[in-house]
file coords-v1.tsv (TSV, C-alpha atoms)
chain	number	residue	atom	x	y	z
A	26	MET	CA	-1.67	8.58	-14.84
A	27	PHE	CA	-2.84	11.10	-17.44
A	28	ARG	CA	-4.10	14.32	-15.76
A	29	GLY	CA	-3.08	12.96	-12.35
A	30	CYS	CA	-6.28	11.22	-11.21
A	31	GLN	CA	-9.23	9.16	-12.42
A	32	GLU	CA	-11.35	12.31	-12.84
A	33	LEU	CA	-8.68	13.72	-15.22
A	34	SER	CA	-8.79	17.03	-13.34
A	35	GLY	CA	-5.24	18.07	-14.26
A	36	LYS	CA	-4.30	19.25	-10.77
A	37	ALA	CA	-0.98	18.53	-9.09
A	38	SER	CA	-0.27	18.85	-5.39
A	39	GLY	CA	2.54	20.93	-3.92
A	40	THR	CA	4.17	24.10	-5.19
A	41	LEU	CA	6.54	25.04	-8.00
A	42	ALA	CA	9.44	27.46	-7.85
A	43	ASP	CA	9.16	30.68	-9.88
A	44	SER	CA	12.20	29.72	-11.92
A	45	MET	CA	13.17	26.26	-13.15
A	46	THR	CA	16.37	24.77	-14.52
A	47	LEU	CA	16.95	21.84	-16.84
A	48	LEU	CA	18.00	18.81	-14.78
A	49	TRP	CA	18.29	16.22	-17.55
A	50	LYS	CA	16.95	15.21	-20.93
A	51	PHE	CA	16.46	11.74	-22.34
A	52	LYS	CA	16.58	10.91	-26.06
A	53	THR	CA	14.17	8.55	-27.78
A	54	GLY	CA	14.09	7.57	-31.43
A	55	GLY	CA	11.08	9.64	-32.45
A	56	PRO	CA	8.78	12.52	-31.47
A	57	ILE	CA	7.20	12.30	-28.00
A	58	LYS	CA	3.51	13.16	-28.17
A	59	SER	CA	2.73	10.85	-25.25
A	60	SER	CA	2.52	12.56	-21.88
A	61	PRO	CA	4.82	11.27	-19.14
A	62	VAL	CA	3.55	9.84	-15.88
A	63	ILE	CA	5.52	9.43	-12.66
A	64	ASP	CA	5.25	6.55	-10.20
A	65	ASN	CA	7.58	5.25	-7.51
A	66	GLY	CA	10.65	7.13	-8.72
A	67	LEU	CA	10.18	6.23	-12.38
A	68	VAL	CA	8.94	8.23	-15.37
A	69	PHE	CA	6.95	6.31	-17.98
A	70	VAL	CA	6.43	7.69	-21.49
A	71	GLY	CA	5.73	6.49	-25.02
A	72	SER	CA	7.49	7.57	-28.21
A	73	ALA	CA	6.84	7.54	-31.95
A	74	ASP	CA	9.74	5.05	-32.10
A	75	ALA	CA	7.16	2.48	-30.87
A	76	ASN	CA	8.76	2.09	-27.44
A	77	ILE	CA	7.39	2.62	-23.96
A	78	TYR	CA	10.21	3.78	-21.68
A	79	ALA	CA	10.84	3.72	-17.94
A	80	ILE	CA	13.34	6.39	-16.89
A	81	ASP	CA	14.82	7.08	-13.46
A	82	LEU	CA	13.28	10.32	-12.19
A	83	GLU	CA	16.41	11.54	-10.42
A	84	SER	CA	19.12	10.73	-12.95
A	85	GLY	CA	17.27	10.61	-16.28
A	86	ARG	CA	18.81	7.22	-17.05
A	87	ARG	CA	16.90	4.54	-18.91
A	88	VAL	CA	15.66	1.70	-16.70
A	89	TRP	CA	13.96	-0.24	-19.51
A	90	ALA	CA	12.27	0.03	-22.89
A	91	HIS	CA	9.54	-2.19	-24.32
A	92	LYS	CA	8.96	-2.25	-28.07
A	93	THR	CA	5.51	-2.37	-29.69
A	94	THR	CA	4.89	-2.47	-33.43
A	95	ASP	CA	3.76	1.14	-33.98
A	96	SER	CA	3.96	4.65	-32.55
A	97	ILE	CA	2.87	5.27	-28.95
A	98	GLU	CA	1.04	8.58	-28.57
A	99	ALA	CA	-1.03	7.33	-25.64
A	100	THR	CA	-0.12	8.23	-22.08
A	101	PRO	CA	0.67	5.26	-19.83
A	102	CYS	CA	-1.45	4.41	-16.80
A	103	VAL	CA	0.38	2.84	-13.83
A	104	VAL	CA	-1.76	0.86	-11.38
A	105	ALA	CA	-0.78	-1.73	-8.77
A	106	GLY	CA	2.70	-2.36	-10.19
A	107	SER	CA	1.63	-2.63	-13.83
A	108	VAL	CA	1.89	-0.20	-16.75
A	109	PHE	CA	-1.06	-0.12	-19.14
A	110	VAL	CA	-0.51	1.65	-22.44
A	111	GLY	CA	-2.13	1.65	-25.86
A	112	SER	CA	-0.26	1.73	-29.15
A	113	ALA	CA	-1.17	2.81	-32.67
A	114	ASP	CA	-0.83	-0.91	-33.48
A	115	GLY	CA	-4.26	-1.36	-31.85
A	116	PHE	CA	-3.08	-3.28	-28.80
A	117	LEU	CA	-3.36	-2.38	-25.13
A	118	TYR	CA	-0.20	-3.60	-23.38
A	119	ALA	CA	0.14	-4.62	-19.73
A	120	LEU	CA	3.75	-4.56	-18.53
A	121	ASP	CA	5.45	-5.11	-15.19
A	122	ALA	CA	6.42	-1.61	-14.03
A	123	ARG	CA	9.78	-2.74	-12.64
A	124	THR	CA	10.96	-5.26	-15.24
A	125	SER	CA	8.97	-4.39	-18.41
A	126	SER	CA	7.95	-8.05	-18.81
A	127	LEU	CA	4.77	-8.42	-20.87
A	128	LYS	CA	1.83	-9.64	-18.78
A	129	TRP	CA	-0.66	-9.60	-21.65
A	130	LYS	CA	-1.78	-7.59	-24.64
A	131	TYR	CA	-5.37	-6.96	-25.68
A	132	GLN	CA	-6.32	-6.29	-29.27
A	133	THR	CA	-8.82	-3.63	-30.31
A	134	GLY	CA	-9.95	-2.99	-33.86
A	135	GLY	CA	-8.16	0.33	-34.32
A	136	GLN	CA	-5.30	2.51	-33.13
A	137	ILE	CA	-5.22	3.63	-29.49
A	138	LEU	CA	-4.11	7.24	-29.10
A	139	GLY	CA	-5.67	8.15	-25.75
A	140	ALA	CA	-4.65	7.22	-22.22
A	141	ALA	CA	-6.12	4.32	-20.32
A	142	ASN	CA	-7.95	4.83	-17.03
A	143	TRP	CA	-8.91	2.36	-14.31
A	144	THR	CA	-11.67	1.45	-11.89
A	145	ARG	CA	-12.23	-1.18	-9.24
A	146	SER	CA	-14.46	-4.07	-10.25
A	147	PRO	CA	-17.92	-3.97	-8.58
A	148	ASP	CA	-16.88	-6.61	-6.02
A	149	GLY	CA	-13.83	-4.50	-5.08
A	150	GLN	CA	-11.47	-7.42	-5.68
A	151	GLY	CA	-10.12	-6.61	-9.14
A	152	ILE	CA	-9.04	-3.66	-11.25
A	153	TRP	CA	-10.54	-2.96	-14.64
A	154	ILE	CA	-8.74	-0.93	-17.32
A	155	LEU	CA	-10.71	1.40	-19.63
A	156	VAL	CA	-9.40	2.55	-22.99
A	157	GLY	CA	-10.85	4.10	-26.14
A	158	SER	CA	-9.92	3.02	-29.66
A	159	TYR	CA	-10.34	4.05	-33.27
A	160	ASP	CA	-12.61	1.02	-33.64
A	161	ASN	CA	-15.26	3.43	-32.21
A	162	LYS	CA	-15.40	1.58	-28.89
A	163	LEU	CA	-14.57	2.06	-25.23
A	164	HIS	CA	-13.07	-1.19	-23.96
A	165	CYS	CA	-13.16	-2.43	-20.36
A	166	VAL	CA	-10.48	-5.07	-19.73
A	167	ASP	CA	-9.64	-7.11	-16.62
A	168	SER	CA	-6.20	-5.94	-15.45
A	169	GLY	CA	-5.21	-9.38	-14.21
A	170	THR	CA	-6.16	-11.49	-17.21
A	171	GLY	CA	-6.35	-9.12	-20.18
A	172	LYS	CA	-9.82	-10.47	-20.96
A	173	VAL	CA	-12.60	-8.16	-22.09
A	174	VAL	CA	-15.24	-7.33	-19.47
A	175	TRP	CA	-17.46	-5.22	-21.74
A	176	THR	CA	-17.29	-2.86	-24.70
A	177	TYR	CA	-19.38	0.22	-25.46
A	178	GLU	CA	-19.78	1.29	-29.09
A	179	THR	CA	-20.04	4.85	-30.41
A	180	GLU	CA	-20.52	6.10	-33.96
A	181	SER	CA	-16.96	7.32	-34.53
A	182	PHE	CA	-13.40	7.27	-33.19
A	183	VAL	CA	-12.67	7.51	-29.47
A	184	ASN	CA	-9.56	9.68	-29.36
A	185	GLY	CA	-9.41	10.93	-25.77
A	186	ALA	CA	-9.17	9.18	-22.41
A	187	PRO	CA	-12.28	8.34	-20.39
A	188	ALA	CA	-12.72	10.09	-17.04
A	189	VAL	CA	-13.95	7.92	-14.18
A	190	GLY	CA	-16.11	8.80	-11.17
A	191	GLN	CA	-19.48	8.27	-9.49
A	192	GLY	CA	-19.93	4.85	-11.06
A	193	VAL	CA	-19.56	6.03	-14.65
A	194	ALA	CA	-16.98	6.61	-17.38
A	195	VAL	CA	-17.32	9.94	-19.20
A	196	PHE	CA	-15.71	10.73	-22.54
A	197	GLY	CA	-16.20	12.73	-25.69
A	198	GLY	CA	-16.34	11.07	-29.08
A	199	CYS	CA	-15.67	12.06	-32.66
A	200	ASP	CA	-19.43	11.46	-33.09
A	201	ALA	CA	-19.96	14.87	-31.39
A	202	ARG	CA	-21.41	13.37	-28.21
A	203	ILE	CA	-20.42	13.28	-24.57
A	204	HIS	CA	-20.92	9.65	-23.54
A	205	VAL	CA	-21.73	8.61	-19.98
A	206	VAL	CA	-21.34	4.87	-19.50
A	207	SER	CA	-22.05	2.62	-16.50
A	208	LEU	CA	-18.81	1.12	-15.18
A	209	VAL	CA	-20.63	-2.02	-14.03
A	210	ASP	CA	-21.87	-3.27	-17.39
A	211	GLY	CA	-20.94	-0.74	-20.08
A	212	ASN	CA	-24.53	0.34	-20.67
A	213	VAL	CA	-25.26	3.91	-21.68
A	214	ALA	CA	-26.26	6.19	-18.80
A	215	ALA	CA	-26.55	9.38	-20.86
A	216	GLN	CA	-25.51	10.98	-24.13
A	217	ILE	CA	-25.15	14.74	-24.42
A	218	ASP	CA	-24.99	16.51	-27.79
A	219	ALA	CA	-21.70	18.43	-27.90
A	220	GLY	CA	-22.34	20.09	-31.26
A	221	ALA	CA	-19.07	19.02	-32.90
A	222	TYR	CA	-16.55	16.25	-32.59
A	223	ILE	CA	-14.41	15.98	-29.47
A	224	ALA	CA	-10.72	15.10	-29.79
A	225	GLY	CA	-9.49	15.86	-26.27
A	226	SER	CA	-10.23	14.23	-22.94
A	227	ALA	CA	-12.93	15.54	-20.63
A	228	ALA	CA	-12.46	16.35	-16.96
A	229	PHE	CA	-15.21	14.99	-14.70
A	230	VAL	CA	-15.39	16.90	-11.41
A	231	ASP	CA	-18.26	17.01	-8.90
A	232	GLY	CA	-20.70	15.40	-11.32
A	233	GLN	CA	-19.95	17.88	-14.09
A	234	VAL	CA	-17.96	17.37	-17.27
A	235	TYR	CA	-15.66	19.98	-18.86
A	236	VAL	CA	-14.61	19.52	-22.48
A	237	GLY	CA	-13.87	21.41	-25.69
A	238	ASN	CA	-14.90	20.54	-29.24
A	239	TYR	CA	-13.83	21.07	-32.84
A	240	ASP	CA	-16.31	23.94	-33.30
A	241	ASN	CA	-14.34	26.37	-31.08
A	242	SER	CA	-16.65	25.78	-28.10
A	243	PHE	CA	-15.71	24.75	-24.59
A	244	MET	CA	-18.53	23.55	-22.38
A	245	LYS	CA	-19.62	22.41	-18.95
A	246	ALA	CA	-22.34	19.76	-18.79
A	247	ASP	CA	-24.25	18.18	-15.93
A	248	VAL	CA	-24.09	14.41	-16.21
A	249	ALA	CA	-27.13	13.58	-14.07
A	250	ALA	CA	-29.37	16.04	-15.91
A	251	GLY	CA	-27.81	15.35	-19.32
A	252	THR	CA	-27.69	19.05	-20.09
A	253	ILE	CA	-25.08	21.63	-21.03
A	254	LEU	CA	-24.82	24.28	-18.31
A	255	TRP	CA	-22.71	26.79	-20.21
A	256	LYS	CA	-20.70	27.21	-23.40
A	257	TYR	CA	-17.60	29.37	-23.63
A	258	SER	CA	-17.21	30.92	-27.05
A	259	GLY	CA	-14.13	33.05	-26.46
A	260	ALA	CA	-11.93	30.90	-28.70
A	261	GLU	CA	-11.18	31.42	-32.38
A	262	ALA	CA	-10.18	27.82	-33.13
A	263	SER	CA	-10.85	24.30	-31.95
A	264	PHE	CA	-9.83	22.60	-28.70
A	265	PHE	CA	-7.63	19.49	-28.69
A	266	SER	CA	-6.24	20.18	-25.21
A	267	SER	CA	-7.77	18.66	-22.08
A	268	PRO	CA	-8.74	21.06	-19.29
A	269	ALA	CA	-7.34	21.51	-15.80
A	270	VAL	CA	-10.07	22.19	-13.24
A	271	ASP	CA	-9.47	24.14	-10.03
A	272	GLU	CA	-12.01	25.24	-7.39
A	273	ASP	CA	-12.92	28.37	-9.32
A	274	ALA	CA	-11.25	28.14	-12.70
A	275	VAL	CA	-10.86	25.91	-15.75
A	276	VAL	CA	-7.68	26.27	-17.83
A	277	VAL	CA	-7.40	24.83	-21.34
A	278	GLY	CA	-5.19	25.25	-24.40
A	279	GLY	CA	-6.62	26.33	-27.76
A	280	ARG	CA	-5.60	26.03	-31.38
A	281	ASP	CA	-6.06	29.81	-31.60
A	282	ASN	CA	-2.55	30.17	-30.07
A	283	ARG	CA	-3.91	30.98	-26.64
A	284	VAL	CA	-4.28	29.48	-23.19
A	285	HIS	CA	-7.78	30.17	-21.87
A	286	CYS	CA	-8.81	30.56	-18.24
A	287	ILE	CA	-12.58	30.28	-17.78
A	288	ARG	CA	-14.62	30.87	-14.65
A	289	ARG	CA	-15.98	27.53	-13.55
A	290	SER	CA	-19.29	28.85	-12.24
A	291	ASP	CA	-20.57	30.68	-15.32
A	292	GLY	CA	-18.19	30.07	-18.23
A	293	LYS	CA	-16.99	33.68	-18.43
A	294	GLN	CA	-13.44	34.43	-19.54
A	295	VAL	CA	-11.00	35.22	-16.71
A	296	TRP	CA	-7.90	35.69	-18.89
A	297	THR	CA	-6.12	34.47	-22.00
A	298	PHE	CA	-2.39	34.11	-22.60
A	299	ALA	CA	-1.11	34.54	-26.15
A	300	THR	CA	1.50	32.10	-27.50
A	301	LEU	CA	3.13	31.78	-30.92
A	302	GLY	CA	1.57	28.41	-31.76
A	303	ALA	CA	-1.36	26.08	-31.16
A	304	VAL	CA	-1.75	24.76	-27.62
A	305	ASP	CA	-2.70	21.06	-27.87
A	306	SER	CA	-0.75	20.29	-24.69
A	307	SER	CA	-3.01	19.96	-21.64
A	308	PRO	CA	-2.24	22.42	-18.84
A	309	VAL	CA	-1.52	21.36	-15.26
A	310	ILE	CA	-2.56	23.51	-12.28
A	311	CYS	CA	-0.10	23.32	-9.40
A	312	GLY	CA	-0.84	25.69	-6.53
A	313	ASP	CA	-0.92	29.22	-7.92
A	314	LYS	CA	0.68	28.25	-11.25
A	315	VAL	CA	-0.24	26.72	-14.61
A	316	VAL	CA	2.26	24.69	-16.66
A	317	VAL	CA	1.63	24.00	-20.35
A	318	GLY	CA	3.52	23.18	-23.55
A	319	CYS	CA	3.00	24.80	-26.94
A	320	GLU	CA	3.65	24.13	-30.61
A	321	ASP	CA	5.82	27.27	-30.64
A	322	GLY	CA	8.48	25.08	-29.02
A	323	ARG	CA	8.16	26.49	-25.52
A	324	LEU	CA	7.14	25.26	-22.10
A	325	TYR	CA	5.28	27.97	-20.17
A	326	MET	CA	4.62	28.58	-16.49
A	327	LEU	CA	1.83	31.11	-15.92
A	328	LYS	CA	0.24	32.70	-12.88
A	329	LEU	CA	-3.18	31.13	-12.29
A	330	SER	CA	-4.68	34.38	-11.01
A	331	ASP	CA	-4.06	36.57	-14.06
A	332	GLY	CA	-2.29	34.50	-16.74
A	333	SER	CA	0.93	36.49	-16.59
A	334	LYS	CA	4.11	34.62	-17.56
A	335	VAL	CA	6.24	33.51	-14.63
A	336	TRP	CA	8.83	31.47	-16.57
A	337	SER	CA	9.33	29.78	-19.92
A	338	TYR	CA	11.86	27.48	-21.55
A	339	GLU	CA	12.55	27.33	-25.27
A	340	ILE	CA	12.87	23.73	-26.41
A	341	GLY	CA	12.74	24.66	-30.08
A	342	GLN	CA	10.35	22.03	-31.42
A	343	ALA	CA	6.64	21.56	-30.77
A	344	VAL	CA	5.51	20.49	-27.30
A	345	THR	CA	2.18	18.68	-27.71
A	346	SER	CA	2.96	16.32	-24.83
A	347	SER	CA	1.30	17.37	-21.57
A	348	PRO	CA	3.55	18.05	-18.59
A	349	ALA	CA	3.68	15.86	-15.50
A	350	VAL	CA	4.28	17.74	-12.26
A	351	ALA	CA	5.49	15.96	-9.12
A	352	GLY	CA	7.95	16.59	-6.30
A	353	ARG	CA	8.67	20.18	-7.43
A	354	MET	CA	9.70	18.83	-10.85
A	355	ILE	CA	8.18	19.19	-14.32
A	356	ILE	CA	8.60	16.43	-16.92
A	357	VAL	CA	7.51	16.90	-20.54
A	358	GLY	CA	8.17	15.44	-23.98
A	359	SER	CA	8.79	17.21	-27.28
A	360	ASP	CA	8.57	16.52	-31.00
A	361	ASP	CA	12.39	16.67	-30.99
A	362	GLY	CA	12.34	13.17	-29.42
A	363	PHE	CA	13.62	14.25	-26.00
A	364	LEU	CA	12.01	13.97	-22.61
A	365	TYR	CA	12.89	17.00	-20.45
A	366	ALA	CA	13.06	17.25	-16.66
A	367	PHE	CA	13.05	20.61	-14.88
A	368	GLY	CA	13.56	21.41	-11.20
A	369	PRO	CA	13.87	24.49	-8.99
A	370	ALA	CA	16.61	26.91	-10.05
A	371	TYR	CA	18.52	27.38	-6.80
call {"tool": "encode", "arguments": {"input": "coords-v1.tsv", "output": "structure tokens"}}
result
Amino acid sequence: MFRGCQELSGKASGTLADSMTLLWKFKTGGPIKSSPVIDNGLVFVGSADANIYAIDLESGRRVWAHKTTDSIEATPCVVAGSVFVGSADGFLYALDARTSSLKWKYQTGGQILGAANWTRSPDGQGIWILVGSYDNKLHCVDSGTGKVVWTYETESFVNGAPAVGQGVAVFGGCDARIHVVSLVDGNVAAQIDAGAYIAGSAAFVDGQVYVGNYDNSFMKADVAAGTILWKYSGAEASFFSSPAVDEDAVVVGGRDNRVHCIRRSDGKQVWTFATLGAVDSSPVICGDKVVVGCEDGRLYMLKLSDGSKVWSYEIGQAVTSSPAVAGRMIIVGSDDGFLYAFGPAY
């Protein structure tokens, strides 16, 4: 799933080699802004050609494609043998992960650009799917039936994915608020003023939320207290990237052509890495490395400790898709319509 876990922490297990080589690339019919996810030997990704694809991780061959009626920017969520993905056509689709057969589709009142997340139902028997829409709502849908469980309404678009943990869903809205919503019934648990609208997804780790806004600020807020603990103002442009959160550091891309590493405890800058384009791609922390795409057409691997470049690959067109890291491989999409797979260069 997007960012690797329900908390959207952006951390991957394992280690990555210092140098990577291109293993395969897979062509779709439009730009890939969706971020790939990996499950059970398959890579799932959406494309602007309106298809959701399943691709064999080892060979890069297409296993299946399922057509919707509009572009898919959203990242798929794979749970219990089903793929849940939103489309700009306003529908949330539930597909069989192996066969692509449609189980159901659920209609919202606006386009869905952010990833779905999931939670167990309160009785532990079912799985509920959570997704935000441009109808200003967060929707909770039963994964088995496609029926609505509850909706929560905000005052503007919900662009990012909701993070899930500690009995709540946490997300930023284009109404400039961080929303904390009870998973049981969709009632508001807290709202925190973020100062400007939030386009990216928040990470929710240890009861604290990490998210950037359109006013060049990145912040850490305490959900229980409903207060902002610190604001990082070391950026010169807005944040559309979602953060990766490690024990000590938070790494996030900025539209000021930089990757920012911020100390988790106090919000002080640890390092920045300069690129040649905006960084809307969301970084992934894997061991001692950070992997992130950039609108300058490159995929970067940086050292987590000091931000120095370890390796990069020039794709040539913007990489706004966020990388998926698993099994010593990196998978990422590009605006050139290709999905790229990299592995250790040895």
call {"tool": "residues_around", "arguments": {"input": "coords-v1.tsv", "residues": "stretch 340-344 of chain A", "least_positions_apart": "2", "cutoff": "7 Å", "atoms": "only C-alpha atoms", "output": "PyMOL selection string"}}
result
chain A and resi 306+318-323+338+346+358-361
call {"tool": "atom_distance", "arguments": {"input": "coords-v1.tsv", "atom1": "atom CA of A:Val189", "atom2": "atom CA of A:Ser263"}}
result
24.4 Å
call {"tool": "residues_around", "arguments": {"input": "coords-v1.tsv", "residues": "A:Ser333", "least_positions_apart": "3", "cutoff": "10 Å", "atoms": "only C-alpha atoms", "output": "list in words"}}
result
Trp296, Thr297, Phe298, Ala299, Lys314, Met326, Leu327, Lys328, Leu329, Ser330 and Trp336 of chain A
call {"tool": "residues_around", "arguments": {"input": "coords-v1.tsv", "residues": "A:Phe116", "least_positions_apart": "5", "cutoff": "6 Å", "atoms": "all atoms listed in the file", "output": "PyMOL selection string"}}
result
chain A and resi 111+131-133
call {"tool": "atom_distance", "arguments": {"input": "coords-v1.tsv", "atom1": "atom CA of A:Gln136", "atom2": "atom CA of A:Ser226"}}
result
16.3 Å
call {"tool": "atom_distance", "arguments": {"input": "coords-v1.tsv", "atom1": "atom CA of A:Ser107", "atom2": "atom CA of A:Cys199"}}
result
29.5 Å
call {"tool": "residues_around", "arguments": {"input": "coords-v1.tsv", "residues": "A:Leu127", "least_positions_apart": "4", "cutoff": "10 Å", "atoms": "only C-alpha atoms", "output": "PyMOL selection string"}}
result
chain A and resi 91+107-108+118-122
call {"tool": "write_last_selection", "arguments": {"input": "coords-v1.tsv", "atoms": "C-alpha atoms", "output": "PDB file, in the coordinates of the input"}}
result
ATOM      1  CA  HIS A  91       9.540  -2.190 -24.320  1.00  0.00           C
ATOM      2  CA  SER A 107       1.630  -2.630 -13.830  1.00  0.00           C
ATOM      3  CA  VAL A 108       1.890  -0.200 -16.750  1.00  0.00           C
ATOM      4  CA  TYR A 118      -0.200  -3.600 -23.380  1.00  0.00           C
ATOM      5  CA  ALA A 119       0.140  -4.620 -19.730  1.00  0.00           C
ATOM      6  CA  LEU A 120       3.750  -4.560 -18.530  1.00  0.00           C
ATOM      7  CA  ASP A 121       5.450  -5.110 -15.190  1.00  0.00           C
ATOM      8  CA  ALA A 122       6.420  -1.610 -14.030  1.00  0.00           C
TER       9      ALA A 122
END
call {"tool": "residues_around", "arguments": {"input": "coords-v1.tsv", "residues": "A:Pro268", "least_positions_apart": "3", "cutoff": "8 Å", "atoms": "only C-alpha atoms", "output": "list of chain:residue names"}}
result
A:Ser34, A:Gly35, A:Ser226, A:Ala227, A:Ala228, A:Tyr235, A:Val236, A:Val275, A:Val276, A:Val277, A:Gly278, A:Ser307, A:Pro308
call {"tool": "write_last_selection", "arguments": {"input": "coords-v1.tsv", "atoms": "C-alpha atoms", "output": "PDB file, in the frame of the given file"}}
result
ATOM      1  CA  SER A  34      -8.790  17.030 -13.340  1.00  0.00           C
ATOM      2  CA  GLY A  35      -5.240  18.070 -14.260  1.00  0.00           C
ATOM      3  CA  SER A 226     -10.230  14.230 -22.940  1.00  0.00           C
ATOM      4  CA  ALA A 227     -12.930  15.540 -20.630  1.00  0.00           C
ATOM      5  CA  ALA A 228     -12.460  16.350 -16.960  1.00  0.00           C
ATOM      6  CA  TYR A 235     -15.660  19.980 -18.860  1.00  0.00           C
ATOM      7  CA  VAL A 236     -14.610  19.520 -22.480  1.00  0.00           C
ATOM      8  CA  VAL A 275     -10.860  25.910 -15.750  1.00  0.00           C
ATOM      9  CA  VAL A 276      -7.680  26.270 -17.830  1.00  0.00           C
ATOM     10  CA  VAL A 277      -7.400  24.830 -21.340  1.00  0.00           C
ATOM     11  CA  GLY A 278      -5.190  25.250 -24.400  1.00  0.00           C
ATOM     12  CA  SER A 307      -3.010  19.960 -21.640  1.00  0.00           C
ATOM     13  CA  PRO A 308      -2.240  22.420 -18.840  1.00  0.00           C
TER      14      PRO A 308
END
call {"tool": "residues_near_point", "arguments": {"input": "coords-v1.tsv", "point": "(-22.9, 23.0, -21.1)", "cutoff": "6 Å", "atoms": "only C-alpha atoms", "output": "PyMOL selection string"}}
result
chain A and resi 244-246+253-256
call {"tool": "axis_aligned_box", "arguments": {"input": "coords-v1.tsv", "around": "stretch 263-278 of chain A", "padding_each_side": "6 Å", "output": "lines of an AutoDock Vina configuration file"}}
result
center_x = -9.1
center_y = 23.5
center_z = -19.7
size_x = 19.7
size_y = 21.7
size_z = 36.6
call {"tool": "closest_residue", "arguments": {"input": "coords-v1.tsv", "among": "A:Ser60, A:Ala141, A:Lys162, A:Gly220", "to": "A:Val317", "atoms": "all atoms listed in the file"}}
result
A:Ser60
call {"tool": "closest_residue", "arguments": {"input": "coords-v1.tsv", "among": "A:Asp74, A:Glu339, A:Asp273, A:Glu180", "to": "A:Ala90", "atoms": "all atoms listed in the file"}}
result
A:Asp74
call {"tool": "closest_residue", "arguments": {"input": "coords-v1.tsv", "among": "A:Trp175, A:Trp49, A:Phe265, A:Tyr257", "to": "A:Ser207", "atoms": "all atoms listed in the file"}}
result
A:Trp175
call {"tool": "closest_residue", "arguments": {"input": "coords-v1.tsv", "among": "A:Ile154, A:Val183, A:Leu301, A:Val195", "to": "A:Val230", "atoms": "only C-alpha atoms"}}
result
A:Val195
call {"tool": "closest_residue", "arguments": {"input": "coords-v1.tsv", "among": "A:Gly259, A:Gly225, A:Gly352, A:Gly279", "to": "A:Gly66", "atoms": "only C-alpha atoms"}}
result
A:Gly352
